[in-house]
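Listing of structure13.txt; format and content: compact mmCIF, C-alpha atoms and all ligand atoms.
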# COMPACT_ATOMS: atom_id res chain seq x y z
CA MET E 284 13.71 19.64 17.21
CA GLN E 285 16.21 16.93 16.24
CA LYS E 286 17.78 17.01 12.80
CA PRO E 287 17.04 14.04 10.56
CA ASP E 288 19.92 11.55 10.31
CA LEU E 289 19.75 11.76 6.53
CA THR E 290 20.07 15.13 4.82
CA THR E 291 19.05 16.27 1.35
CA ASN E 292 22.73 15.81 0.34
CA ASP E 293 22.12 12.07 0.61
CA LEU E 294 19.32 12.18 -1.92
CA ALA E 295 19.63 11.58 -5.66
CA ALA E 296 18.73 14.59 -7.81
CA ASP E 297 16.01 12.62 -9.67
CA PHE E 298 13.89 12.75 -6.53
CA LEU E 299 14.22 16.43 -5.65
CA GLN E 300 11.64 17.59 -8.14
CA CYS E 301 8.74 16.14 -10.07
CA PRO E 302 6.87 16.97 -13.26
CA ASP E 303 3.65 18.97 -13.14
CA ARG E 304 0.84 16.38 -13.07
CA HIS E 305 -2.05 18.80 -13.60
CA ASP E 306 -4.23 18.02 -16.63
CA THR E 307 -2.78 14.53 -17.04
CA GLY E 308 -5.82 12.81 -15.53
CA ALA E 309 -3.82 12.21 -12.34
CA GLU E 310 -6.39 11.14 -9.77
CA LYS E 311 -4.19 12.46 -6.97
CA TRP E 312 -3.90 15.99 -8.34
CA ASP E 313 -7.39 16.24 -9.87
CA ARG E 314 -9.17 15.87 -6.53
CA TYR E 315 -8.30 19.41 -5.50
CA GLN E 316 -7.78 21.04 -8.89
CA GLY E 317 -9.47 24.43 -8.91
CA ARG E 318 -10.14 24.33 -5.14
CA THR E 319 -8.21 26.86 -3.11
CA THR E 320 -7.96 27.88 0.54
CA ALA E 321 -9.42 31.14 1.86
CA THR E 322 -6.02 32.74 1.21
CA GLY E 323 -5.96 31.51 -2.41
CA LYS E 324 -3.48 28.60 -2.00
CA GLU E 325 -3.96 25.44 -4.07
CA ILE E 326 -4.71 22.45 -1.83
CA LEU E 327 -1.73 20.10 -2.14
CA PRO E 328 -2.63 16.39 -2.46
CA PHE E 329 -1.11 13.94 0.03
CA TRP E 330 -3.80 11.29 -0.25
CA VAL E 331 -4.02 8.41 -2.78
CA ALA E 332 -0.99 6.09 -2.74
CA ASP E 333 0.99 7.00 -5.80
CA MET E 334 4.21 8.97 -5.84
CA ASP E 335 5.01 12.11 -7.79
CA PHE E 336 8.38 10.78 -9.04
CA GLN E 337 9.07 9.79 -12.63
CA SER E 338 9.68 6.10 -13.19
CA PRO E 339 13.30 5.09 -13.84
CA ASP E 340 14.91 4.99 -17.29
CA VAL E 341 15.05 1.19 -17.25
CA VAL E 342 11.26 1.12 -17.10
CA LEU E 343 10.82 3.87 -19.70
CA ASP E 344 13.26 2.13 -22.08
CA ALA E 345 11.32 -1.12 -21.79
CA ILE E 346 8.06 0.68 -22.60
CA ARG E 347 9.70 2.40 -25.59
CA LYS E 348 11.05 -0.91 -26.84
CA ARG E 349 7.60 -2.42 -26.58
CA THR E 350 5.95 0.50 -28.38
CA ASP E 351 8.60 0.27 -31.14
CA HIS E 352 7.33 -3.25 -31.77
CA ALA E 353 4.04 -1.47 -32.44
CA VAL E 354 1.65 -4.42 -32.29
CA PHE E 355 -0.63 -4.34 -29.25
CA GLY E 356 -2.85 -7.36 -29.67
CA TYR E 357 -4.31 -9.45 -26.83
CA THR E 358 -1.48 -10.43 -24.54
CA HIS E 359 -1.21 -13.03 -21.82
CA GLU E 360 1.73 -13.36 -19.40
CA THR E 361 4.89 -12.60 -21.40
CA PRO E 362 7.71 -15.17 -21.15
CA GLY E 363 9.89 -12.90 -19.02
CA PHE E 364 7.15 -11.80 -16.61
CA ALA E 365 6.93 -14.92 -14.46
CA SER E 366 10.63 -15.78 -14.64
CA THR E 367 11.76 -12.25 -13.73
CA LEU E 368 9.32 -12.14 -10.84
CA THR E 369 10.56 -15.54 -9.69
CA THR E 370 14.16 -14.28 -9.59
CA HIS E 371 13.11 -11.04 -7.90
CA LEU E 372 11.24 -12.83 -5.12
CA ARG E 373 14.13 -15.22 -4.54
CA GLU E 374 16.74 -12.47 -4.42
CA GLN E 375 14.75 -9.90 -2.44
CA HIS E 376 12.62 -12.03 -0.16
CA ASN E 377 14.25 -15.45 -0.14
CA TRP E 378 11.07 -17.01 -1.54
CA GLN E 379 11.40 -19.70 -4.20
CA ILE E 380 8.30 -19.95 -6.36
CA ASP E 381 7.66 -21.90 -9.54
CA PRO E 382 7.03 -19.57 -12.51
CA SER E 383 3.95 -21.63 -13.39
CA TRP E 384 2.27 -20.28 -10.23
CA VAL E 385 2.19 -16.71 -11.61
CA ILE E 386 -1.00 -15.27 -13.12
CA GLY E 387 -1.09 -11.72 -14.54
CA VAL E 388 -3.95 -9.56 -13.21
CA PRO E 389 -4.85 -6.01 -14.23
CA GLY E 390 -4.87 -4.91 -10.59
CA ILE E 391 -4.79 -6.28 -7.07
CA VAL E 392 -8.19 -4.84 -6.21
CA THR E 393 -9.56 -6.90 -9.10
CA GLY E 394 -7.57 -9.88 -7.84
CA LEU E 395 -9.01 -9.58 -4.33
CA SER E 396 -12.52 -9.61 -5.80
CA ILE E 397 -11.67 -12.77 -7.71
CA THR E 398 -10.49 -14.47 -4.51
CA ALA E 399 -13.78 -13.59 -2.78
CA ARG E 400 -15.66 -15.48 -5.52
CA LEU E 401 -13.11 -18.28 -5.78
CA LEU E 402 -12.77 -19.13 -2.11
CA SER E 403 -16.17 -18.38 -0.55
CA GLN E 404 -19.91 -18.38 -1.11
CA PRO E 405 -22.40 -15.49 -0.84
CA GLY E 406 -23.00 -14.76 2.84
CA ASP E 407 -19.59 -16.07 3.98
CA GLY E 408 -17.22 -13.85 5.94
CA ILE E 409 -13.91 -12.31 4.79
CA LEU E 410 -11.74 -11.31 7.72
CA THR E 411 -9.22 -8.46 7.79
CA LEU E 412 -7.22 -6.49 10.35
CA THR E 413 -8.28 -2.86 10.60
CA PRO E 414 -7.66 -0.05 9.87
CA VAL E 415 -6.97 -1.17 6.32
CA TYR E 416 -6.79 -0.10 2.68
CA GLN E 417 -10.41 0.79 1.81
CA PRO E 418 -11.22 -1.97 -0.76
CA PHE E 419 -10.58 -4.61 1.92
CA LEU E 420 -13.61 -3.12 3.65
CA PHE E 421 -16.00 -2.49 0.77
CA LEU E 422 -15.22 -5.34 -1.67
CA PRO E 423 -16.84 -8.10 0.45
CA LYS E 424 -20.21 -6.33 0.26
CA LEU E 425 -19.90 -5.96 -3.54
CA ALA E 426 -19.32 -9.73 -3.69
CA GLU E 427 -22.26 -10.34 -1.30
CA ARG E 428 -19.89 -11.48 1.44
CA ARG E 429 -19.63 -10.25 5.03
CA SER E 430 -16.75 -8.02 6.07
CA VAL E 431 -15.32 -9.28 9.37
CA ARG E 432 -13.04 -6.70 11.02
CA VAL E 433 -10.52 -7.23 13.79
CA PRO E 434 -8.84 -4.05 15.03
CA LEU E 435 -5.06 -3.95 15.31
CA HIS E 436 -3.77 -2.67 18.65
CA ALA E 437 -1.54 0.41 18.79
CA ASP E 438 1.19 -0.37 21.33
CA VAL E 439 2.31 3.20 21.90
CA THR E 440 5.02 2.24 24.41
CA ALA E 441 6.67 -0.23 22.04
CA GLN E 442 5.82 1.98 19.05
CA ARG E 443 4.40 -0.92 17.10
CA TRP E 444 1.07 -2.32 15.95
CA THR E 445 0.12 -5.69 17.40
CA ILE E 446 -2.58 -8.31 16.89
CA ASP E 447 -5.12 -8.95 19.64
CA TRP E 448 -5.09 -12.74 19.35
CA GLU E 449 -8.18 -13.26 21.49
CA LEU E 450 -10.21 -10.91 19.31
CA LEU E 451 -8.88 -12.59 16.18
CA GLU E 452 -9.73 -16.07 17.37
CA ALA E 453 -13.22 -14.97 18.46
CA ALA E 454 -13.83 -13.48 15.00
CA LEU E 455 -12.97 -16.75 13.23
CA THR E 456 -16.53 -18.07 13.25
CA PRO E 457 -17.44 -21.04 10.98
CA ASP E 458 -18.76 -18.80 8.17
CA VAL E 459 -15.38 -17.02 7.81
CA LYS E 460 -13.63 -18.56 4.83
CA ILE E 461 -10.94 -16.02 3.85
CA PHE E 462 -8.34 -13.92 5.68
CA TRP E 463 -7.31 -10.91 3.59
CA LEU E 464 -3.90 -10.01 4.98
CA CYS E 465 -2.30 -6.72 3.98
CA HIS E 466 1.44 -7.32 4.44
CA PRO E 467 3.19 -4.91 4.76
CA HIS E 468 0.13 -3.20 6.07
CA ASN E 469 -1.53 -0.13 4.61
CA PRO E 470 -2.14 2.29 6.37
CA THR E 471 -0.08 1.52 9.50
CA GLY E 472 3.12 0.47 7.69
CA LYS E 473 3.37 -2.63 9.89
CA VAL E 474 5.58 -5.52 8.73
CA PHE E 475 4.29 -8.77 10.22
CA THR E 476 6.92 -10.94 11.94
CA ARG E 477 7.51 -14.63 11.30
CA GLU E 478 5.95 -15.45 14.70
CA GLU E 479 2.82 -13.44 13.87
CA LEU E 480 2.52 -15.00 10.40
CA LEU E 481 2.90 -18.52 11.80
CA ARG E 482 0.30 -17.86 14.45
CA ILE E 483 -2.11 -16.55 11.79
CA ALA E 484 -1.38 -19.68 9.74
CA ASP E 485 -2.07 -21.96 12.72
CA LEU E 486 -5.37 -20.22 13.49
CA CYS E 487 -6.44 -20.35 9.85
CA GLU E 488 -5.61 -24.05 9.67
CA GLU E 489 -7.67 -24.72 12.77
CA HIS E 490 -10.66 -22.78 11.39
CA GLY E 491 -10.46 -23.85 7.71
CA VAL E 492 -9.66 -20.36 6.43
CA THR E 493 -7.64 -19.54 3.28
CA VAL E 494 -5.10 -16.72 3.54
CA VAL E 495 -4.87 -14.18 0.73
CA SER E 496 -1.82 -11.99 1.28
CA ASP E 497 -1.59 -8.64 -0.50
CA GLU E 498 2.15 -7.89 -0.60
CA ILE E 499 2.09 -4.92 -2.98
CA TRP E 500 4.29 -2.93 -0.51
CA ASP E 501 6.92 -5.68 -0.09
CA ASP E 502 9.79 -3.78 -1.76
CA LEU E 503 9.36 -0.60 0.30
CA ILE E 504 10.69 -1.60 3.73
CA LEU E 505 12.07 1.48 5.48
CA ASP E 506 13.37 0.28 8.84
CA GLY E 507 15.56 -2.70 7.94
CA SER E 508 12.92 -5.29 8.88
CA ASN E 509 12.74 -8.46 6.92
CA HIS E 510 9.67 -8.91 4.73
CA ILE E 511 8.63 -12.56 4.97
CA PRO E 512 6.15 -13.54 2.25
CA PHE E 513 3.27 -15.37 3.92
CA ALA E 514 3.40 -18.14 1.31
CA SER E 515 7.12 -18.73 1.98
CA LEU E 516 6.27 -20.19 5.41
CA ASP E 517 6.67 -23.91 5.75
CA HIS E 518 3.01 -24.44 6.62
CA PRO E 519 0.03 -26.16 4.93
CA VAL E 520 -1.98 -22.91 4.99
CA ALA E 521 0.87 -21.16 3.17
CA ARG E 522 0.82 -23.77 0.42
CA ARG E 523 -2.89 -23.16 -0.21
CA SER E 524 -2.64 -19.37 0.07
CA ILE E 525 -2.79 -16.77 -2.69
CA THR E 526 -0.32 -13.86 -2.80
CA PHE E 527 -0.50 -10.62 -4.74
CA VAL E 528 2.55 -8.59 -5.70
CA ALA E 529 3.15 -5.80 -8.19
CA ALA E 530 5.87 -3.41 -9.32
CA SER E 531 3.28 -0.64 -9.27
CA LYS E 532 3.91 0.98 -5.85
CA THR E 533 7.69 0.77 -5.87
CA TRP E 534 8.34 1.93 -9.44
CA ASN E 535 5.29 4.20 -9.60
CA ILE E 536 3.51 2.51 -12.50
CA ALA E 537 0.06 1.94 -10.98
CA GLY E 538 -1.58 3.53 -14.04
CA LEU E 539 -0.23 0.73 -16.23
CA GLY E 540 -2.56 -1.80 -14.60
CA CYS E 541 -0.39 -4.84 -14.01
CA ALA E 542 -0.02 -7.11 -10.98
CA ALA E 543 0.61 -10.79 -10.30
CA ALA E 544 -1.33 -13.41 -8.38
CA ILE E 545 0.87 -16.22 -7.11
CA VAL E 546 -1.17 -19.37 -6.70
CA PRO E 547 0.86 -22.45 -5.71
CA ASN E 548 -2.19 -24.76 -5.67
CA LYS E 549 -2.87 -26.23 -9.11
CA ASP E 550 -6.63 -26.66 -8.67
CA LEU E 551 -7.05 -23.06 -7.54
CA ARG E 552 -5.02 -21.90 -10.54
CA HIS E 553 -7.35 -23.74 -12.86
CA GLN E 554 -10.43 -22.29 -11.21
CA TRP E 555 -8.97 -18.77 -11.22
CA ARG E 556 -9.95 -17.63 -14.72
CA GLN E 557 -13.47 -19.01 -14.34
CA ALA E 558 -13.88 -16.99 -11.12
CA GLY E 559 -13.09 -13.81 -13.08
CA GLY E 560 -16.44 -14.47 -14.72
CA GLY E 561 -15.89 -12.44 -17.91
CA LEU E 562 -15.41 -9.33 -15.78
CA VAL E 563 -11.64 -9.18 -15.83
CA PRO E 564 -9.74 -7.96 -18.90
CA MET E 565 -6.26 -9.13 -19.87
CA VAL E 566 -3.27 -7.14 -18.66
CA ASN E 567 -2.00 -4.66 -21.24
CA PRO E 568 1.37 -5.36 -22.88
CA LEU E 569 2.98 -2.15 -21.60
CA GLY E 570 2.22 -3.17 -18.02
CA TYR E 571 4.00 -6.48 -18.53
CA ALA E 572 7.02 -4.80 -20.16
CA ALA E 573 7.32 -2.16 -17.43
CA SER E 574 6.91 -4.60 -14.52
CA GLU E 575 9.44 -7.02 -15.94
CA ALA E 576 12.02 -4.25 -16.43
CA ALA E 577 11.42 -2.89 -12.93
CA TRP E 578 11.97 -6.27 -11.26
CA LYS E 579 14.93 -7.11 -13.47
CA ASP E 580 16.86 -3.83 -13.64
CA GLY E 581 15.16 -1.45 -11.22
CA ASP E 582 17.00 -2.14 -7.99
CA ALA E 583 19.58 0.68 -8.15
CA TRP E 584 16.74 3.19 -8.57
CA ARG E 585 14.76 1.53 -5.77
CA GLN E 586 17.71 1.94 -3.39
CA LYS E 587 17.84 5.67 -4.16
CA LEU E 588 14.07 5.90 -3.71
CA LEU E 589 14.32 4.19 -0.31
CA ASN E 590 16.80 6.86 0.82
CA VAL E 591 14.35 9.60 -0.12
CA LEU E 592 11.46 7.84 1.57
CA LYS E 593 13.49 7.28 4.74
CA TYR E 594 14.44 10.95 4.78
CA ASN E 595 10.82 12.01 4.20
CA LYS E 596 9.63 9.64 6.90
CA GLN E 597 12.03 11.22 9.42
CA CYS E 598 10.84 14.70 8.54
CA ALA E 599 7.17 13.74 8.70
CA VAL E 600 7.45 11.78 11.97
CA ARG E 601 9.36 14.61 13.65
CA ALA E 602 6.86 17.19 12.44
CA ILE E 603 4.03 15.11 13.88
CA GLN E 604 5.86 14.72 17.19
CA ASP E 605 5.92 18.51 17.47
CA ILE E 606 2.18 19.00 17.02
CA PRO E 607 0.32 18.85 20.35
CA GLY E 608 -2.44 16.23 20.47
CA VAL E 609 -1.31 14.51 17.27
CA SER E 610 0.89 11.38 17.14
CA CYS E 611 1.97 8.46 15.00
CA ILE E 612 3.74 5.13 15.23
CA PRO E 613 6.50 5.38 12.60
CA PRO E 614 5.77 3.10 9.64
CA GLN E 615 8.14 0.17 9.08
CA ALA E 616 7.27 0.15 5.38
CA THR E 617 5.29 2.03 2.68
CA TYR E 618 5.34 5.79 2.09
CA LEU E 619 2.30 6.36 4.29
CA LEU E 620 2.04 7.89 7.72
CA TRP E 621 -0.98 6.96 9.85
CA ILE E 622 -1.66 9.92 12.12
CA ASP E 623 -3.71 9.73 15.30
CA CYS E 624 -5.57 13.04 15.85
CA ASN E 625 -7.94 11.80 18.56
CA GLU E 626 -6.34 13.72 21.43
CA TRP E 627 -6.41 16.90 19.33
CA ILE E 628 -10.07 16.26 18.40
CA ALA E 629 -11.04 15.91 22.07
CA ARG E 630 -9.69 19.42 22.76
CA GLN E 631 -11.54 21.13 19.90
CA PRO E 632 -14.94 22.80 19.80
CA PRO E 633 -17.42 20.68 17.79
CA ASP E 634 -17.23 22.97 14.73
CA ARG E 635 -13.41 22.50 14.50
CA ASN E 636 -13.06 18.80 15.28
CA GLN E 637 -12.76 17.36 11.77
CA PRO E 638 -9.02 16.87 11.03
CA GLN E 639 -9.55 16.29 7.29
CA HIS E 640 -11.55 19.47 7.00
CA VAL E 641 -9.10 21.66 8.93
CA CYS E 642 -6.23 20.26 6.84
CA GLU E 643 -8.00 21.11 3.60
CA GLU E 644 -8.71 24.59 4.95
CA ALA E 645 -4.94 24.95 5.56
CA GLY E 646 -4.13 23.75 2.01
CA ILE E 647 -3.19 20.09 2.52
CA GLY E 648 -5.26 17.10 1.44
CA PRO E 649 -4.42 13.83 3.27
CA SER E 650 -6.69 10.74 3.23
CA ASN E 651 -9.46 10.67 5.80
CA GLY E 652 -8.93 7.91 8.39
CA PRO E 653 -12.57 6.76 8.76
CA GLU E 654 -12.42 5.49 5.15
CA PHE E 655 -9.90 2.92 6.40
CA GLY E 656 -11.86 2.18 9.55
CA GLY E 657 -9.72 4.53 11.67
CA SER E 658 -11.86 7.13 13.42
CA GLY E 659 -9.91 10.32 14.21
CA TYR E 660 -6.97 9.40 11.98
CA LEU E 661 -5.43 10.84 8.82
CA ARG E 662 -3.18 9.11 6.31
CA LEU E 663 -0.37 11.19 4.82
CA ASN E 664 1.41 10.07 1.63
CA PHE E 665 5.07 11.16 1.79
CA GLY E 666 6.06 9.78 -1.64
CA CYS E 667 6.98 13.15 -3.11
CA PRO E 668 10.00 15.47 -3.37
CA PRO E 669 11.20 16.63 0.08
CA ALA E 670 10.49 20.29 -0.68
CA LEU E 671 6.86 19.51 -1.48
CA LEU E 672 6.60 17.46 1.71
CA GLN E 673 8.06 20.34 3.75
CA GLU E 674 5.40 22.66 2.36
CA GLY E 675 2.76 20.08 3.27
CA LEU E 676 4.13 19.65 6.80
CA GLU E 677 4.09 23.39 7.36
CA ARG E 678 0.46 23.46 6.32
CA LEU E 679 -0.23 20.55 8.64
CA ARG E 680 1.28 22.56 11.48
CA ASP E 681 -0.90 25.52 10.49
CA ALA E 682 -3.92 23.23 10.44
CA PHE E 683 -3.42 21.88 13.95
CA GLY E 684 -1.98 24.96 15.60
CA ALA E 685 1.51 26.29 16.13
CA TYR E 686 4.62 24.22 16.78
CA GLU E 687 8.25 25.29 16.64
CA THR E 688 9.72 25.01 13.12
CA SER E 689 12.53 22.52 12.67
CA GLY E 690 15.01 24.89 11.05
CA GLN E 691 15.87 22.23 8.45
C1 LIG P 701 -2.55 -2.77 0.02
C2 LIG P 701 -2.90 -2.34 -1.37
N1 LIG P 701 -3.37 -3.24 -2.24
C3 LIG P 701 -3.70 -2.90 -3.50
C4 LIG P 701 -3.57 -1.59 -3.93
C5 LIG P 701 -3.97 -1.24 -5.32
O1 LIG P 701 -3.54 -2.19 -6.19
P1 LIG P 701 -4.00 -2.15 -7.73
O2 LIG P 701 -3.76 -0.76 -8.21
O3 LIG P 701 -3.11 -3.16 -8.36
O4 LIG P 701 -5.44 -2.55 -7.77
C6 LIG P 701 -3.08 -0.63 -3.05
C7 LIG P 701 -2.96 0.77 -3.47
O5 LIG P 701 -2.72 1.66 -2.70
C8 LIG P 701 -2.73 -1.01 -1.75
O6 LIG P 701 -2.25 -0.13 -0.86
Using the file provided, produce a representation of the structure as structure tokens.
Amino acid sequence: MQKPDLTTNDLAADFLQCPDRHDTGAEKWDRYQGRTTATGKEILPFWVADMDFQSPDVVLDAIRKRTDHAVFGYTHETPGFASTLTTHLREQHNWQIDPSWVIGVPGIVTGLSITARLLSQPGDGILTLTPVYQPFLFLPKLAERRSVRVPLHADVTAQRWTIDWELLEAALTPDVKIFWLCHPHNPTGKVFTREELLRIADLCEEHGVTVVSDEIWDDLILDGSNHIPFASLDHPVARRSITFVAASKTWNIAGLGCAAAIVPNKDLRHQWRQAGGGLVPMVNPLGYAASEAAWKDGDAWRQKLLNVLKYNKQCAVRAIQDIPGVSCIPPQATYLLWIDCNEWIARQPPDRNQPQHVCEEAGIGPSNGPEFGGSGYLRLNFGCPPALLQEGLERLRDAFGAYETSGQ
């Protein structure tokens, strides 16, 4: 087995260990708490997309400063929130927005639900490319809309995910009003190219569809690709689109409930709060303080994080390559690995052909692919200290059968 190009010597000490998250209400760790394997091992969680790392000091200091102020009344977008985000998007992604376009939302899942109500009527279709982050699949039904799914194509030779344009065009029937784009894409880690984004924009213009682009993963590009915000395109569909971003994935502050909707169109901005329909609370002041600090002062930490994630990605991809019948297309972004187990499944007796189940039996808990619309797949979260990942990868090997250890 090849050695990874990066070694643990390249990794900052902050990322080599993590605090114990048991009994902190951590969704990730609670799922398997108290459940052990037949040999008495705790099942290690590699599922929901948060990382086990502590947030950086710049974020913690901002939260402390805000708590020192000690008044936590109702809070709308703080003065620095929109301006800091504006600078961040210009510097990182070459996208110039106007700060007045920014609306604070307590979460992107909430924001997606608002767009369903804002941009379509009951019975209309919301299109997305599958597999995809689960709420893209179940939110339309909750809003009494139709979920329209177009599968991405795994180009194994080119090692990239591609769009089947004929399928996409055929799915754009007159009742489809919204395209929920996940960019970069969870779970495949695909970063859409300018050509792909422009072609999506052209199709949406032709069919009268509004694009909503969830760019929560935009600051976690692992392969040097360029993240191009959909709304930064010079295109009429881009100018009427809605984009979501957040500091939550990159700086590990999802529990603070803060994200931003970027809505360039003035009329849509005005209709936004109405569409929330009394269901959506204000963002909490600590979320604003933490997000602002992350965007403003968090880049040095993010660079160190990216090194760890690149290292972990190498280890995980190489481990997968060594397991017969299991494969993956390396993610361009995110800290998620989308693992194809279909060949392995085909070789198993029916009582052993559930990858999620055999993983849990071996002491590792990934996410189950069918939840994302990916039959026979698993999603592995590698946002954790390398030693924990190594333990997980060994258990994965045990789950699927023997492969030669890497000797790392
Ligand atoms: C693509 C995508 N959008 C949204 C979210 C969740 O966002 P929030 O916690 O702001 O609702 C996730 C979390 O994994 C995600 O992967």
- request: Using only C-alpha atoms, find the one residue out of E:Arg373, E:Thr320, E:Pro564, E:Ala537 that sits nearest to Ala682 in chain E.
  value: E:Thr320
Residues near Pro653 in chain E, cut-off 12 Å, only C-alpha atoms, skip fewer than 2 positions along chain, as a PyMOL selection string: chain E and resi 413-417+420+470+621-625+637-639+650-651+655-662
Go ahead and write the selection's residues with C-alpha atoms as an mmCIF file, in the coordinates of the input.
data_model
loop_
_atom_site.group_PDB
_atom_site.id
_atom_site.type_symbol
_atom_site.label_atom_id
_atom_site.label_comp_id
_atom_site.auth_asym_id
_atom_site.auth_seq_id
_atom_site.Cartn_x
_atom_site.Cartn_y
_atom_site.Cartn_z
ATOM 1 C CA THR E 413 -8.280 -2.860 10.600
ATOM 2 C CA PRO E 414 -7.660 -0.050 9.870
ATOM 3 C CA VAL E 415 -6.970 -1.170 6.320
ATOM 4 C CA TYR E 416 -6.790 -0.100 2.680
ATOM 5 C CA GLN E 417 -10.410 0.790 1.810
ATOM 6 C CA LEU E 420 -13.610 -3.120 3.650
ATOM 7 C CA PRO E 470 -2.140 2.290 6.370
ATOM 8 C CA TRP E 621 -0.980 6.960 9.850
ATOM 9 C CA ILE E 622 -1.660 9.920 12.120
ATOM 10 C CA ASP E 623 -3.710 9.730 15.300
ATOM 11 C CA CYS E 624 -5.570 13.040 15.850
ATOM 12 C CA ASN E 625 -7.940 11.800 18.560
ATOM 13 C CA GLN E 637 -12.760 17.360 11.770
ATOM 14 C CA PRO E 638 -9.020 16.870 11.030
ATOM 15 C CA GLN E 639 -9.550 16.290 7.290
ATOM 16 C CA SER E 650 -6.690 10.740 3.230
ATOM 17 C CA ASN E 651 -9.460 10.670 5.800
ATOM 18 C CA PHE E 655 -9.900 2.920 6.400
ATOM 19 C CA GLY E 656 -11.860 2.180 9.550
ATOM 20 C CA GLY E 657 -9.720 4.530 11.670
ATOM 21 C CA SER E 658 -11.860 7.130 13.420
ATOM 22 C CA GLY E 659 -9.910 10.320 14.210
ATOM 23 C CA TYR E 660 -6.970 9.400 11.980
ATOM 24 C CA LEU E 661 -5.430 10.840 8.820
ATOM 25 C CA ARG E 662 -3.180 9.110 6.310
#
message: When you count all atoms listed in the file, which of these residues is closest to ligand LIG 701 (chain P): E:His359, E:Arg304, E:Arg314, E:His466?
response: E:His466
field: Environment of ligand LIG 701 (chain P) within 6 Å, counting all atoms listed in the file, reported as a ChimeraX atom specification
entry: /E:332,390-392,416,465,469,497,499,537,542
Keeping only C-alpha atoms, write the selected residues as a compact mmCIF listing (two decimals), in the coordinates of the input.
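So result-v5.txt came out as:
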# COMPACT_ATOMS: atom_id res chain seq x y z
CA ALA E 332 -0.99 6.09 -2.74
CA GLY E 390 -4.87 -4.91 -10.59
CA ILE E 391 -4.79 -6.28 -7.07
CA VAL E 392 -8.19 -4.84 -6.21
CA TYR E 416 -6.79 -0.10 2.68
CA CYS E 465 -2.30 -6.72 3.98
CA ASN E 469 -1.53 -0.13 4.61
CA ASP E 497 -1.59 -8.64 -0.50
CA ILE E 499 2.09 -4.92 -2.98
CA ALA E 537 0.06 1.94 -10.98
CA ALA E 542 -0.02 -7.11 -10.98
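Near (8.5, 13.6, -3.6), the residues that fall inside 7 Å on the basis of only C-alpha atoms are Phe298, Leu299, Gln300, Cys301, Met334, Asp335, Phe336, Phe665, Gly666, Cys667, Pro668, Pro669, Leu671 and Leu672 of chain E.
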Surrounding residues of Gln554 in chain E excluding itself and chain neighbours under 2 positions, 12 Å, all atoms listed in the file, as a PyMOL selection string: chain E and resi 386+397-398+400-402+546+548-552+556-560
message: Just to confirm, what's the straight-line distance from CA of Ala616 in chain E to CA of Gly472 in chain E in Å (one decimal)?
response: 4.8 Å
Leu451 in chain E environment, 12 Å, all atoms listed in the file, sequence neighbours closer than 4 positions dropped, as a list of chain:residue names: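 My reading of the contact set: E:Leu410, E:Thr411, E:Leu412, E:Thr413, E:Val431, E:Arg432, E:Val433, E:Pro434, E:Leu435, E:His436, E:Thr445, E:Ile446, E:Asp447, E:Leu455, E:Thr456, E:Val459, E:Phe462, E:Glu479, E:Arg482, E:Ile483, E:Leu486, E:Cys487, E:His490.
Checking E:Asp506, E:Glu360, E:Asp407, E:Glu478 one by one against Pro382 in chain E, counting only C-alpha atoms, you find the shortest gap at E:Glu360.
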task: Calculate how many Å separate CA of Thr367 in chain E from CA of Ala576 in chain E, rounding to one decimal.
output: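 Separating CA of Thr367 in chain E from CA of Ala576 in chain E is a distance of 8.4 Å.
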- prompt: In terms of the shortest atom-to-atom distance over all atoms listed in the file, which of E:Ser383, E:Trp330, E:Thr361, E:Trp555 is closest to Gly675 in chain E?
  reply: E:Trp330
message: Would you pick out the contacts of range 349-356 of chain E at 12 Å or less, using all atoms listed in the file, so that residues sharing its chain but fewer than 3 positions from it are not included, and give the list as a PyMOL selection string?
response: chain E and resi 342-346+359+361+565-573+575-576
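Distance-wise, CA of Gly561 in chain E and CA of Leu425 in chain E end up 16.3 Å apart.
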